[in-house]
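Participant: Please find coords.pdb (PDB, C-alpha atoms and all ligand atoms) on the next line:
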ATOM      1  CA  MET A   1       9.500 -10.744   7.964
ATOM      2  CA  GLU A   2      12.599  -8.786   6.866
ATOM      3  CA  ILE A   3      14.545 -12.072   6.732
ATOM      4  CA  LEU A   4      11.909 -13.542   4.441
ATOM      5  CA  LEU A   5      11.888 -10.439   2.215
ATOM      6  CA  ASN A   6      15.681 -10.479   1.891
ATOM      7  CA  GLU A   7      15.615 -14.153   1.018
ATOM      8  CA  ILE A   8      12.914 -13.606  -1.626
ATOM      9  CA  ILE A   9      14.875 -10.714  -3.159
ATOM     10  CA  ASP A  10      17.973 -12.882  -3.396
ATOM     11  CA  ARG A  11      16.088 -15.774  -4.976
ATOM     12  CA  ASN A  12      14.558 -13.504  -7.642
ATOM     13  CA  ARG A  13      17.436 -11.141  -8.341
ATOM     14  CA  HIS A  14      18.513 -13.163 -11.410
ATOM     15  CA  LEU A  15      15.211 -12.218 -13.150
ATOM     16  CA  ILE A  16      16.617  -8.722 -13.638
ATOM     17  CA  GLU A  17      18.601 -10.222 -16.499
ATOM     18  CA  ASN A  18      15.379 -11.126 -18.349
ATOM     19  CA  GLY A  19      14.213  -7.514 -18.393
ATOM     20  CA  LYS A  20      15.177  -4.141 -19.794
ATOM     21  CA  VAL A  21      14.806  -0.682 -18.317
ATOM     22  CA  ALA A  22      12.161   1.355 -20.209
ATOM     23  CA  ASN A  23      13.826   3.659 -22.719
ATOM     24  CA  TYR A  24      10.913   4.976 -24.751
ATOM     25  CA  ILE A  25      10.856   7.787 -22.175
ATOM     26  CA  PRO A  26      14.564   8.757 -22.395
ATOM     27  CA  ALA A  27      14.921   9.876 -18.749
ATOM     28  CA  LEU A  28      13.695   6.469 -17.514
ATOM     29  CA  ALA A  29      16.624   4.784 -19.256
ATOM     30  CA  LYS A  30      18.926   6.311 -16.621
ATOM     31  CA  ALA A  31      17.533   4.034 -13.887
ATOM     32  CA  ASP A  32      20.014   1.563 -12.376
ATOM     33  CA  TYR A  33      18.661  -1.822 -13.508
ATOM     34  CA  ARG A  34      20.287  -3.631 -10.546
ATOM     35  CA  LYS A  35      18.132  -1.967  -7.897
ATOM     36  CA  ILE A  36      15.516  -4.070  -6.109
ATOM     37  CA  GLY A  37      13.474  -3.041  -3.100
ATOM     38  CA  VAL A  38      10.381  -4.313  -1.355
ATOM     39  CA  THR A  39       8.176  -3.131   1.515
ATOM     40  CA  VAL A  40       5.195  -4.793   3.155
ATOM     41  CA  ALA A  41       2.986  -2.390   5.114
ATOM     42  CA  GLY A  42       1.347  -4.078   8.080
ATOM     43  CA  ARG A  43      -2.077  -3.286   9.418
ATOM     44  CA  THR A  44      -0.976  -0.756  11.995
ATOM     45  CA  GLY A  45       0.115   2.683  10.857
ATOM     46  CA  SER A  46       3.793   2.475  11.642
ATOM     47  CA  LEU A  47       4.473  -1.148  10.695
ATOM     48  CA  LEU A  48       6.667  -1.374   7.631
ATOM     49  CA  TYR A  49       8.866  -4.337   6.736
ATOM     50  CA  SER A  50      11.432  -3.533   4.061
ATOM     51  CA  ALA A  51      14.402  -5.085   2.313
ATOM     52  CA  GLY A  52      16.833  -4.138  -0.440
ATOM     53  CA  ASP A  53      16.689  -0.720  -2.094
ATOM     54  CA  TYR A  54      13.511   0.403  -0.380
ATOM     55  CA  ASN A  55      14.821   3.983  -0.140
ATOM     56  CA  GLU A  56      15.394   4.278  -3.872
ATOM     57  CA  LYS A  57      13.132   6.829  -5.589
ATOM     58  CA  PHE A  58      11.358   6.060  -8.851
ATOM     59  CA  THR A  59       8.361   7.444 -10.712
ATOM     60  CA  LEU A  60       4.821   6.150 -10.345
ATOM     61  CA  GLN A  61       4.097   6.018 -14.098
ATOM     62  CA  SER A  62       0.969   3.903 -14.569
ATOM     63  CA  ILE A  63       0.456   3.436 -10.830
ATOM     64  CA  SER A  64      -0.669   7.094 -10.838
ATOM     65  CA  LYS A  65      -3.722   5.954 -12.841
ATOM     66  CA  VAL A  66      -5.233   4.509  -9.670
ATOM     67  CA  ILE A  67      -4.901   7.856  -7.934
ATOM     68  CA  SER A  68      -6.189   9.986 -10.818
ATOM     69  CA  PHE A  69      -9.117   7.571 -11.122
ATOM     70  CA  LEU A  70      -9.975   8.172  -7.443
ATOM     71  CA  VAL A  71      -9.721  11.948  -7.831
ATOM     72  CA  ALA A  72     -11.921  11.859 -10.944
ATOM     73  CA  ALA A  73     -14.423   9.665  -9.065
ATOM     74  CA  MET A  74     -14.503  12.151  -6.184
ATOM     75  CA  ASP A  75     -15.145  15.003  -8.630
ATOM     76  CA  ASN A  76     -17.740  13.279 -10.828
ATOM     77  CA  GLY A  77     -19.117  10.135  -9.188
ATOM     78  CA  LEU A  78     -18.538   6.661 -10.609
ATOM     79  CA  ASP A  79     -21.572   6.530 -12.902
ATOM     80  CA  HIS A  80     -20.380   9.534 -14.846
ATOM     81  CA  ILE A  81     -16.891   8.058 -15.229
ATOM     82  CA  PHE A  82     -18.171   4.744 -16.537
ATOM     83  CA  GLU A  83     -20.405   6.505 -19.034
ATOM     84  CA  LYS A  84     -17.160   7.530 -20.737
ATOM     85  CA  VAL A  85     -14.654   4.786 -19.883
ATOM     86  CA  GLY A  86     -15.227   1.022 -20.102
ATOM     87  CA  LEU A  87     -14.800  -1.557 -17.382
ATOM     88  CA  ASP A  88     -13.397  -4.307 -19.581
ATOM     89  CA  SER A  89     -10.088  -6.069 -19.214
ATOM     90  CA  THR A  90      -7.901  -5.849 -22.269
ATOM     91  CA  ASP A  91      -5.604  -8.138 -24.201
ATOM     92  CA  GLU A  92      -3.777  -5.176 -25.698
ATOM     93  CA  PRO A  93      -0.611  -3.421 -24.511
ATOM     94  CA  PHE A  94      -1.017  -0.403 -22.215
ATOM     95  CA  ASN A  95      -0.394   2.111 -24.996
ATOM     96  CA  ALA A  96      -2.476   0.489 -27.753
ATOM     97  CA  PHE A  97      -5.267   2.513 -29.286
ATOM     98  CA  THR A  98      -6.077   0.960 -32.640
ATOM     99  CA  LYS A  99      -9.470  -0.261 -31.383
ATOM    100  CA  LEU A 100     -10.362   3.285 -30.392
ATOM    101  CA  ASP A 101     -10.374   4.190 -34.056
ATOM    102  CA  LEU A 102     -13.102   1.654 -34.903
ATOM    103  CA  PRO A 103     -16.403   3.362 -35.723
ATOM    104  CA  ASN A 104     -18.388   1.348 -33.164
ATOM    105  CA  ILE A 105     -15.979   1.998 -30.262
ATOM    106  CA  HIS A 106     -16.695   5.071 -28.159
ATOM    107  CA  LYS A 107     -14.890   4.231 -24.937
ATOM    108  CA  PRO A 108     -11.356   3.205 -23.972
ATOM    109  CA  ALA A 109     -11.460  -0.321 -22.486
ATOM    110  CA  ASN A 110     -10.788   0.717 -18.887
ATOM    111  CA  PRO A 111      -9.204   3.496 -16.792
ATOM    112  CA  MET A 112      -5.924   1.584 -16.313
ATOM    113  CA  ILE A 113      -4.697   1.703 -19.920
ATOM    114  CA  ASN A 114      -3.214   4.951 -21.214
ATOM    115  CA  SER A 115      -6.215   6.090 -23.282
ATOM    116  CA  GLY A 116      -8.628   5.438 -20.400
ATOM    117  CA  ALA A 117      -6.314   7.104 -17.909
ATOM    118  CA  ILE A 118      -5.824  10.217 -20.055
ATOM    119  CA  LEU A 119      -9.597  10.484 -20.378
ATOM    120  CA  THR A 120     -10.113   9.988 -16.634
ATOM    121  CA  THR A 121      -7.488  12.612 -15.801
ATOM    122  CA  GLY A 122      -9.347  14.997 -18.127
ATOM    123  CA  MET A 123     -12.473  14.501 -16.025
ATOM    124  CA  ILE A 124     -10.819  15.943 -12.913
ATOM    125  CA  LYS A 125     -12.189  19.432 -12.336
ATOM    126  CA  GLY A 126      -9.860  22.413 -12.686
ATOM    127  CA  ASP A 127      -7.106  23.524 -15.017
ATOM    128  CA  SER A 128      -4.026  21.428 -15.708
ATOM    129  CA  GLN A 129      -2.155  22.627 -12.635
ATOM    130  CA  GLU A 130      -5.160  22.248 -10.295
ATOM    131  CA  ARG A 131      -5.790  18.728 -11.553
ATOM    132  CA  PHE A 132      -2.168  17.780 -10.939
ATOM    133  CA  GLN A 133      -2.243  19.354  -7.474
ATOM    134  CA  LYS A 134      -5.281  17.237  -6.528
ATOM    135  CA  ILE A 135      -3.537  14.051  -7.704
ATOM    136  CA  LEU A 136      -0.333  14.958  -5.858
ATOM    137  CA  GLU A 137      -2.211  15.782  -2.656
ATOM    138  CA  LEU A 138      -4.130  12.519  -2.723
ATOM    139  CA  THR A 139      -0.886  10.599  -3.359
ATOM    140  CA  ARG A 140       0.661  12.284  -0.324
ATOM    141  CA  ARG A 141      -2.396  11.503   1.783
ATOM    142  CA  MET A 142      -2.563   7.854   0.702
ATOM    143  CA  ALA A 143       1.148   7.355   1.368
ATOM    144  CA  ASN A 144       1.023   9.507   4.490
ATOM    145  CA  ASN A 145       4.071  11.345   3.205
ATOM    146  CA  PRO A 146       3.851  15.133   2.710
ATOM    147  CA  TYR A 147       7.272  15.208   1.014
ATOM    148  CA  ILE A 148       6.243  13.377  -2.157
ATOM    149  CA  GLY A 149       6.973  15.480  -5.247
ATOM    150  CA  TYR A 150       7.579  14.817  -8.917
ATOM    151  CA  ASP A 151      10.645  14.273 -11.095
ATOM    152  CA  GLU A 152      10.931  17.274 -13.384
ATOM    153  CA  GLU A 153      13.380  15.548 -15.733
ATOM    154  CA  VAL A 154      11.113  12.513 -16.291
ATOM    155  CA  TYR A 155       8.106  14.800 -16.750
ATOM    156  CA  LEU A 156       9.838  16.929 -19.401
ATOM    157  CA  SER A 157      11.280  13.874 -21.093
ATOM    158  CA  GLU A 158       7.858  12.258 -21.428
ATOM    159  CA  LYS A 159       6.249  15.529 -22.499
ATOM    160  CA  GLU A 160       8.831  15.916 -25.238
ATOM    161  CA  THR A 161       8.632  12.366 -26.532
ATOM    162  CA  GLY A 162       4.983  11.497 -25.792
ATOM    163  CA  SER A 163       3.755  11.408 -29.395
ATOM    164  CA  ARG A 164       1.920   8.148 -28.869
ATOM    165  CA  ASN A 165      -0.042   9.423 -25.873
ATOM    166  CA  ARG A 166      -0.601  12.670 -27.733
ATOM    167  CA  SER A 167      -1.995  10.801 -30.768
ATOM    168  CA  MET A 168      -4.457   8.803 -28.697
ATOM    169  CA  ALA A 169      -5.619  11.940 -26.878
ATOM    170  CA  TYR A 170      -6.225  13.757 -30.177
ATOM    171  CA  LEU A 171      -7.950  10.686 -31.629
ATOM    172  CA  MET A 172     -10.312  10.694 -28.627
ATOM    173  CA  ASN A 173     -10.766  14.432 -29.115
ATOM    174  CA  SER A 174     -11.655  13.982 -32.783
ATOM    175  CA  LYS A 175     -14.253  11.382 -31.850
ATOM    176  CA  GLY A 176     -15.789  13.665 -29.221
ATOM    177  CA  ILE A 177     -14.677  11.339 -26.388
ATOM    178  CA  LEU A 178     -12.200  13.774 -24.813
ATOM    179  CA  ASP A 179     -13.238  17.419 -24.869
ATOM    180  CA  GLY A 180     -11.508  20.598 -23.900
ATOM    181  CA  ASP A 181      -7.890  21.463 -23.547
ATOM    182  CA  VAL A 182      -6.128  18.323 -24.860
ATOM    183  CA  GLU A 183      -2.576  19.641 -24.264
ATOM    184  CA  GLY A 184      -3.528  20.657 -20.722
ATOM    185  CA  VAL A 185      -4.904  17.180 -19.985
ATOM    186  CA  LEU A 186      -1.770  15.566 -21.420
ATOM    187  CA  ASP A 187       0.365  17.865 -19.319
ATOM    188  CA  THR A 188      -1.385  16.709 -16.131
ATOM    189  CA  TYR A 189      -1.058  13.087 -17.254
ATOM    190  CA  PHE A 190       2.695  13.381 -17.946
ATOM    191  CA  LYS A 191       3.240  15.094 -14.599
ATOM    192  CA  GLN A 192       1.214  12.570 -12.587
ATOM    193  CA  CYS A 193       3.293   9.758 -14.167
ATOM    194  CA  SER A 194       6.420  11.554 -12.892
ATOM    195  CA  ILE A 195       5.385  11.605  -9.216
ATOM    196  CA  GLN A 196       8.295  10.179  -7.272
ATOM    197  CA  VAL A 197       7.943   7.526  -4.574
ATOM    198  CA  ASP A 198       9.796   4.663  -2.914
ATOM    199  CA  THR A 199       8.553   1.170  -2.032
ATOM    200  CA  MET A 200       7.439   2.333   1.427
ATOM    201  CA  ASP A 201       5.134   4.902  -0.202
ATOM    202  CA  LEU A 202       3.717   2.259  -2.550
ATOM    203  CA  ALA A 203       3.090  -0.213   0.265
ATOM    204  CA  LYS A 204       1.292   2.497   2.237
ATOM    205  CA  ILE A 205      -0.846   3.381  -0.793
ATOM    206  CA  GLY A 206      -1.822  -0.325  -0.981
ATOM    207  CA  ARG A 207      -2.598  -0.293   2.714
ATOM    208  CA  PHE A 208      -4.692   2.869   2.331
ATOM    209  CA  ILE A 209      -6.907   1.202  -0.283
ATOM    210  CA  SER A 210      -7.070  -2.080   1.603
ATOM    211  CA  SER A 211      -8.077  -0.416   4.829
ATOM    212  CA  GLY A 212     -11.065   1.311   3.251
ATOM    213  CA  CYS A 213     -10.002   4.496   1.414
ATOM    214  CA  GLU A 214     -10.291   6.729   4.474
ATOM    215  CA  GLY A 215     -11.302  10.270   3.463
ATOM    216  CA  ILE A 216     -12.274   9.416  -0.122
ATOM    217  CA  ASP A 217     -15.796  10.732  -0.453
ATOM    218  CA  ILE A 218     -17.559   9.669  -3.602
ATOM    219  CA  LYS A 219     -21.217  10.363  -4.155
ATOM    220  CA  GLY A 220     -23.380   7.246  -4.061
ATOM    221  CA  ILE A 221     -20.749   4.776  -2.873
ATOM    222  CA  SER A 222     -19.380   4.006   0.567
ATOM    223  CA  ARG A 223     -15.629   4.024   1.149
ATOM    224  CA  LYS A 224     -15.570   0.303   1.807
ATOM    225  CA  ASP A 225     -17.411  -0.344  -1.466
ATOM    226  CA  MET A 226     -14.970   1.951  -3.242
ATOM    227  CA  SER A 227     -12.102  -0.091  -1.844
ATOM    228  CA  VAL A 228     -13.798  -3.272  -3.141
ATOM    229  CA  MET A 229     -14.297  -1.619  -6.541
ATOM    230  CA  VAL A 230     -10.672  -0.493  -6.873
ATOM    231  CA  LYS A 231      -9.440  -3.962  -5.942
ATOM    232  CA  GLY A 232     -11.699  -5.508  -8.601
ATOM    233  CA  LEU A 233     -10.526  -2.991 -11.175
ATOM    234  CA  LEU A 234      -6.866  -3.705 -10.486
ATOM    235  CA  PHE A 235      -7.450  -7.442 -10.341
ATOM    236  CA  THR A 236      -8.830  -7.391 -13.873
ATOM    237  CA  CYS A 237      -6.870  -4.521 -15.468
ATOM    238  CA  GLY A 238      -3.920  -3.564 -13.250
ATOM    239  CA  MET A 239      -1.066  -5.477 -14.886
ATOM    240  CA  TYR A 240      -1.516  -4.572 -18.546
ATOM    241  CA  ASN A 241      -2.204  -7.519 -20.834
ATOM    242  CA  TYR A 242      -0.649  -9.861 -18.251
ATOM    243  CA  SER A 243      -3.567  -9.147 -15.883
ATOM    244  CA  ALA A 244      -5.425 -12.451 -16.316
ATOM    245  CA  ARG A 245      -2.364 -14.657 -15.811
ATOM    246  CA  TYR A 246      -1.247 -12.476 -12.935
ATOM    247  CA  ALA A 247      -4.675 -12.827 -11.302
ATOM    248  CA  ILE A 248      -4.298 -16.606 -11.436
ATOM    249  CA  GLU A 249      -0.606 -16.854 -10.568
ATOM    250  CA  VAL A 250      -0.394 -14.079  -7.964
ATOM    251  CA  GLY A 251      -4.001 -13.320  -7.036
ATOM    252  CA  ILE A 252      -3.275  -9.921  -5.421
ATOM    253  CA  PRO A 253      -4.974  -6.799  -6.838
ATOM    254  CA  SER A 254      -1.979  -4.817  -8.064
ATOM    255  CA  LYS A 255      -0.884  -2.007 -10.343
ATOM    256  CA  SER A 256       2.442  -1.738 -12.078
ATOM    257  CA  GLY A 257       4.216   1.104 -13.835
ATOM    258  CA  VAL A 258       6.990   1.306 -16.414
ATOM    259  CA  GLY A 259       9.189   2.991 -13.794
ATOM    260  CA  GLY A 260       9.510  -0.534 -12.319
ATOM    261  CA  GLY A 261       7.064  -0.208  -9.423
ATOM    262  CA  ILE A 262       4.355  -2.650  -8.362
ATOM    263  CA  MET A 263       1.771  -1.660  -5.758
ATOM    264  CA  GLY A 264      -0.221  -4.539  -4.269
ATOM    265  CA  ILE A 265      -3.328  -4.418  -2.094
ATOM    266  CA  LEU A 266      -3.303  -7.172   0.523
ATOM    267  CA  PRO A 267      -6.308  -8.196   2.609
ATOM    268  CA  ASP A 268      -6.962  -6.805   6.108
ATOM    269  CA  GLY A 269      -5.523  -3.344   5.651
ATOM    270  CA  MET A 270      -2.087  -4.318   4.373
ATOM    271  CA  GLY A 271      -0.123  -3.366   1.265
ATOM    272  CA  ILE A 272       3.003  -4.197  -0.748
ATOM    273  CA  GLY A 273       5.395  -1.966  -2.677
ATOM    274  CA  ILE A 274       8.079  -3.371  -4.974
ATOM    275  CA  PHE A 275      10.656  -1.695  -7.183
ATOM    276  CA  SER A 276      12.982  -3.104  -9.806
ATOM    277  CA  PRO A 277      13.239  -1.155 -13.069
ATOM    278  CA  ALA A 278      14.106  -3.906 -15.572
ATOM    279  CA  LEU A 279      10.820  -4.668 -17.356
ATOM    280  CA  ASP A 280       9.514  -7.770 -19.108
ATOM    281  CA  GLU A 281       7.791  -7.779 -22.498
ATOM    282  CA  ASN A 282       4.472  -6.722 -20.918
ATOM    283  CA  GLY A 283       5.998  -3.649 -19.281
ATOM    284  CA  ASN A 284       5.956  -5.178 -15.781
ATOM    285  CA  SER A 285       9.009  -5.346 -13.525
ATOM    286  CA  SER A 286      10.690  -8.698 -14.252
ATOM    287  CA  ALA A 287      12.121  -9.326 -10.802
ATOM    288  CA  GLY A 288       9.137  -7.554  -9.215
ATOM    289  CA  ILE A 289       6.775 -10.144 -10.680
ATOM    290  CA  GLY A 290       9.030 -12.938  -9.400
ATOM    291  CA  ILE A 291       9.095 -11.410  -5.915
ATOM    292  CA  ILE A 292       5.352 -10.889  -5.599
ATOM    293  CA  LYS A 293       4.672 -14.348  -7.028
ATOM    294  CA  GLU A 294       6.872 -15.946  -4.416
ATOM    295  CA  LEU A 295       5.508 -13.809  -1.575
ATOM    296  CA  SER A 296       1.979 -14.702  -2.595
ATOM    297  CA  ARG A 297       2.769 -18.415  -2.767
ATOM    298  CA  ARG A 298       4.684 -18.574   0.501
ATOM    299  CA  LEU A 299       2.281 -16.454   2.536
ATOM    300  CA  HIS A 300      -0.902 -17.745   0.840
ATOM    301  CA  LEU A 301      -1.873 -14.247  -0.264
ATOM    302  CA  ASN A 302      -3.633 -15.299  -3.483
ATOM    303  CA  ILE A 303      -7.273 -14.490  -2.881
ATOM    304  CA  PHE A 304      -8.216 -17.937  -4.210
ATOM    305  CA  ASP A 305      -5.820 -19.687  -1.843
ATOM    306  CA  ASP A 306      -7.733 -20.727   1.255
ATOM    307  CA  ARG A 307      -4.700 -22.139   3.057
ATOM    308  CA  LYS A 308      -4.456 -18.873   4.921
ATOM    309  CA  LEU A 309      -1.599 -18.550   7.360
ATOM    310  CA  GLN A 310      -2.747 -19.408  10.864
ATOM    311  CA  ALA A 311      -0.281 -17.002  12.326
ATOM    312  CA  ASP A 312      -0.887 -13.307  11.913
ATOM    313  CA  LEU A 313       1.237 -11.976   9.040
ATOM    314  CA  GLU A 314       2.465  -9.217  11.269
ATOM    315  CA  ALA A 315       3.913 -11.747  13.690
ATOM    316  CA  TYR A 316       5.746 -13.607  10.933
TER     317      TYR A 316
HETATM  318  N1  LIG B 401       3.996   7.453 -18.583
HETATM  319  C1  LIG B 401       3.863   6.169 -19.178
HETATM  320  C2  LIG B 401       3.178   6.290 -20.534
HETATM  321  O1  LIG B 401       2.178   6.921 -20.629
HETATM  322  C3  LIG B 401       3.064   5.318 -18.281
HETATM  323  C4  LIG B 401       2.921   3.944 -18.835
HETATM  324  C5  LIG B 401       2.990   2.892 -17.806
HETATM  325  O2  LIG B 401       3.565   2.977 -16.741
HETATM  326  O3  LIG B 401       2.401   1.858 -18.154
HETATM  327  O4  LIG B 401       3.619   5.770 -21.511
END
Let me see the file written as C-alpha cells.
Ligand code: GLU

Facilitator:
Amino acid sequence: MEILLNEIIDRNRHLIENGKVANYIPALAKADYRKIGVTVAGRTGSLLYSAGDYNEKFTLQSISKVISFLVAAMDNGLDHIFEKVGLDSTDEPFNAFTKLDLPNIHKPANPMINSGAILTTGMIKGDSQERFQKILELTRRMANNPYIGYDEEVYLSEKETGSRNRSMAYLMNSKGILDGDVEGVLDTYFKQCSIQVDTMDLAKIGRFISSGCEGIDIKGISRKDMSVMVKGLLFTCGMYNYSARYAIEVGIPSKSGVGGGIMGILPDGMGIGIFSPALDENGNSSAGIGIIKELSRRLHLNIFDDRKLQADLEAY
C-alpha cells in the first residue's frame, strides 16, 4: 500500500502548481506549498499506511465543522439542530452569505459552510472556552491522539482578520438566527479551525466515523445511523461548491479545509487523510483532489463503483 501511495503522490505532485496557499488568513500563507502527505487508516486500530509528508502539522480549518457538528448534536439532538440549520447542498463558496440576507431565508444552507458552522458551534452548551474544550476533546478521541492542540498563531491571525465571518455572525444575530454572545461564538469557531493535526490524525478521524462513531451518544439516533448521516452530509456538502462534481468523480464522503487537508470516510471502518496546502479556486487542496481521485479510481472506492476489489484493501 505504501508503494501505491508514493506512486500516487508522485503522479499528482505537479498539481501543486495549479493551486495557491490560502492567504486571506495571513498565518496560513506561511505554509510550505510543496508539502504533500497521505495516510490510509485500515480497519484495525494500529494499521496506518502513509507516504510523503504525513508528519507535517497543519490546521483543521473547515474539517473542524464535522467535529463541532457532532458536539452540537450530542448537546442538542439532531432535530433541534436542523430546526436552525438547513440540510441543503450549496452552489455558493464556503464563506458566502448574501442569501442569508434575503427576507425569506432563516437558515444557513447546511452546517458545513461557514455561516452554518458558526451557528452550530454556537449551539454547543457552555461558554466559549468550554465549547472549544469539548471540540478539542472529541477531536483527540476521534483521532486517538491525546496530544492534539491548536496553533495559537493561526487562531490569532484569523481572529484579527475574520471580518467576513464576523459579518455573517452579526447578520445572523440581527435576524434572530444566532443568539447570545456573538464574539464568544466566533472565538470558539476561530480556535476550532486552528486545531492542529497531521494526515494520520485525519485518516483516523475518517476511520472513527466509518466504524460507527463509537462513544457519540445522541438522543434519538443510534451511532451507526449517525455515521450514515455524517457520511450523507459530507457527500452532499463536504467539498464546498465542488461537492456535486466531487461526489461523482471521487464518490467518497469527505471534508476539506483551507489549511490543505482532506479527510475521507472509506467503507468498512477505514479512513483517508491528505495534506497539500496549495488550494484550487474552490478552496480545496489541488494535489489533494488529484490524489484522492486517483486512489478512488484505482481502488474502486467510489460508492457507485461496484467493481470492488476482490482482495482486502488491507492486504494490498
Ligand atoms: N477558518 C476558515 C474560515 O472560516 C475555514 C474555512 C475553510 O476551511 O473552508 O474562513

Participant: Evaluate the PyMOL selection byres (((not hetatm)) within 8 of (chain B and resi 401)) and record the selected residues as a PDB file with C-alpha atoms, in the frame of the given file, following the chain and residue labels used in the document.

Facilitator:
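Once written, out.pdb looks like this:
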ATOM      1  CA  ILE A  25      10.856   7.787 -22.175  1.00  0.00           C
ATOM      2  CA  LEU A  60       4.821   6.150 -10.345  1.00  0.00           C
ATOM      3  CA  GLN A  61       4.097   6.018 -14.098  1.00  0.00           C
ATOM      4  CA  SER A  62       0.969   3.903 -14.569  1.00  0.00           C
ATOM      5  CA  ILE A  63       0.456   3.436 -10.830  1.00  0.00           C
ATOM      6  CA  PHE A  94      -1.017  -0.403 -22.215  1.00  0.00           C
ATOM      7  CA  ASN A  95      -0.394   2.111 -24.996  1.00  0.00           C
ATOM      8  CA  ILE A 113      -4.697   1.703 -19.920  1.00  0.00           C
ATOM      9  CA  ASN A 114      -3.214   4.951 -21.214  1.00  0.00           C
ATOM     10  CA  GLU A 158       7.858  12.258 -21.428  1.00  0.00           C
ATOM     11  CA  GLY A 162       4.983  11.497 -25.792  1.00  0.00           C
ATOM     12  CA  ARG A 164       1.920   8.148 -28.869  1.00  0.00           C
ATOM     13  CA  ASN A 165      -0.042   9.423 -25.873  1.00  0.00           C
ATOM     14  CA  TYR A 189      -1.058  13.087 -17.254  1.00  0.00           C
ATOM     15  CA  PHE A 190       2.695  13.381 -17.946  1.00  0.00           C
ATOM     16  CA  CYS A 193       3.293   9.758 -14.167  1.00  0.00           C
ATOM     17  CA  SER A 194       6.420  11.554 -12.892  1.00  0.00           C
ATOM     18  CA  TYR A 240      -1.516  -4.572 -18.546  1.00  0.00           C
ATOM     19  CA  SER A 256       2.442  -1.738 -12.078  1.00  0.00           C
ATOM     20  CA  GLY A 257       4.216   1.104 -13.835  1.00  0.00           C
ATOM     21  CA  VAL A 258       6.990   1.306 -16.414  1.00  0.00           C
ATOM     22  CA  GLY A 259       9.189   2.991 -13.794  1.00  0.00           C
ATOM     23  CA  GLY A 283       5.998  -3.649 -19.281  1.00  0.00           C
TER      24      GLY A 283
END

Participant: Using all atoms listed in the file - which residues lie no farther than 10 Å from the point (15.0, -3.8, 2.9) in the file's frame? Write them as an MDAnalysis selection string.

Facilitator: chainID A and resid 2:3 5:6 9 36:40 48:55 199:200

Participant: By how many Å are atom CA of Gly260 of chain A and atom CA of Ser276 of chain A apart?

Facilitator: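 Those two atoms sit 5.0 Å apart.
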
Participant: Between A:Leu186, A:Leu279, A:Ile209, A:Ile262, which has the minimum distance to Ile291 of chain A (counting all atoms listed in the file)?

Facilitator: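 Of A:Leu186, A:Leu279, A:Ile209, A:Ile262, the one nearest Ile291 of chain A, counting all atoms listed in the file, is A:Ile262.
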
Participant: How would you write, as number ranges by chain, the residues chosen by the PyMOL selection byres (((chain A and resi 109) around 12) and not hetatm) on this structure?

Facilitator: A: 82-100, 105-108, 110-117, 119-120, 233, 236-237, 240-241

Participant: Output C-alpha atoms for every residue in that selection, as a PDB file, in the coordinates of the input.

Facilitator:
ATOM      1  CA  PHE A  82     -18.171   4.744 -16.537  1.00  0.00           C
ATOM      2  CA  GLU A  83     -20.405   6.505 -19.034  1.00  0.00           C
ATOM      3  CA  LYS A  84     -17.160   7.530 -20.737  1.00  0.00           C
ATOM      4  CA  VAL A  85     -14.654   4.786 -19.883  1.00  0.00           C
ATOM      5  CA  GLY A  86     -15.227   1.022 -20.102  1.00  0.00           C
ATOM      6  CA  LEU A  87     -14.800  -1.557 -17.382  1.00  0.00           C
ATOM      7  CA  ASP A  88     -13.397  -4.307 -19.581  1.00  0.00           C
ATOM      8  CA  SER A  89     -10.088  -6.069 -19.214  1.00  0.00           C
ATOM      9  CA  THR A  90      -7.901  -5.849 -22.269  1.00  0.00           C
ATOM     10  CA  ASP A  91      -5.604  -8.138 -24.201  1.00  0.00           C
ATOM     11  CA  GLU A  92      -3.777  -5.176 -25.698  1.00  0.00           C
ATOM     12  CA  PRO A  93      -0.611  -3.421 -24.511  1.00  0.00           C
ATOM     13  CA  PHE A  94      -1.017  -0.403 -22.215  1.00  0.00           C
ATOM     14  CA  ASN A  95      -0.394   2.111 -24.996  1.00  0.00           C
ATOM     15  CA  ALA A  96      -2.476   0.489 -27.753  1.00  0.00           C
ATOM     16  CA  PHE A  97      -5.267   2.513 -29.286  1.00  0.00           C
ATOM     17  CA  THR A  98      -6.077   0.960 -32.640  1.00  0.00           C
ATOM     18  CA  LYS A  99      -9.470  -0.261 -31.383  1.00  0.00           C
ATOM     19  CA  LEU A 100     -10.362   3.285 -30.392  1.00  0.00           C
ATOM     20  CA  ILE A 105     -15.979   1.998 -30.262  1.00  0.00           C
ATOM     21  CA  HIS A 106     -16.695   5.071 -28.159  1.00  0.00           C
ATOM     22  CA  LYS A 107     -14.890   4.231 -24.937  1.00  0.00           C
ATOM     23  CA  PRO A 108     -11.356   3.205 -23.972  1.00  0.00           C
ATOM     24  CA  ASN A 110     -10.788   0.717 -18.887  1.00  0.00           C
ATOM     25  CA  PRO A 111      -9.204   3.496 -16.792  1.00  0.00           C
ATOM     26  CA  MET A 112      -5.924   1.584 -16.313  1.00  0.00           C
ATOM     27  CA  ILE A 113      -4.697   1.703 -19.920  1.00  0.00           C
ATOM     28  CA  ASN A 114      -3.214   4.951 -21.214  1.00  0.00           C
ATOM     29  CA  SER A 115      -6.215   6.090 -23.282  1.00  0.00           C
ATOM     30  CA  GLY A 116      -8.628   5.438 -20.400  1.00  0.00           C
ATOM     31  CA  ALA A 117      -6.314   7.104 -17.909  1.00  0.00           C
ATOM     32  CA  LEU A 119      -9.597  10.484 -20.378  1.00  0.00           C
ATOM     33  CA  THR A 120     -10.113   9.988 -16.634  1.00  0.00           C
ATOM     34  CA  LEU A 233     -10.526  -2.991 -11.175  1.00  0.00           C
ATOM     35  CA  THR A 236      -8.830  -7.391 -13.873  1.00  0.00           C
ATOM     36  CA  CYS A 237      -6.870  -4.521 -15.468  1.00  0.00           C
ATOM     37  CA  TYR A 240      -1.516  -4.572 -18.546  1.00  0.00           C
ATOM     38  CA  ASN A 241      -2.204  -7.519 -20.834  1.00  0.00           C
TER      39      ASN A 241
END

Participant: Using all atoms listed in the file, which residues sit within 8 Å of Lys57 of chain A once same-chain residues fewer than 2 positions away are excluded, as a list in words?

Facilitator: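 Final neighbour list, sorted by chain and number: Asn55, Thr59, Gln196, Val197 and Asp198 of chain A.
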
Participant: What gap, in Å, lies between atom CA of Arg11 of chain A and atom CA of Ser286 of chain A?

Facilitator: 12.9 Å
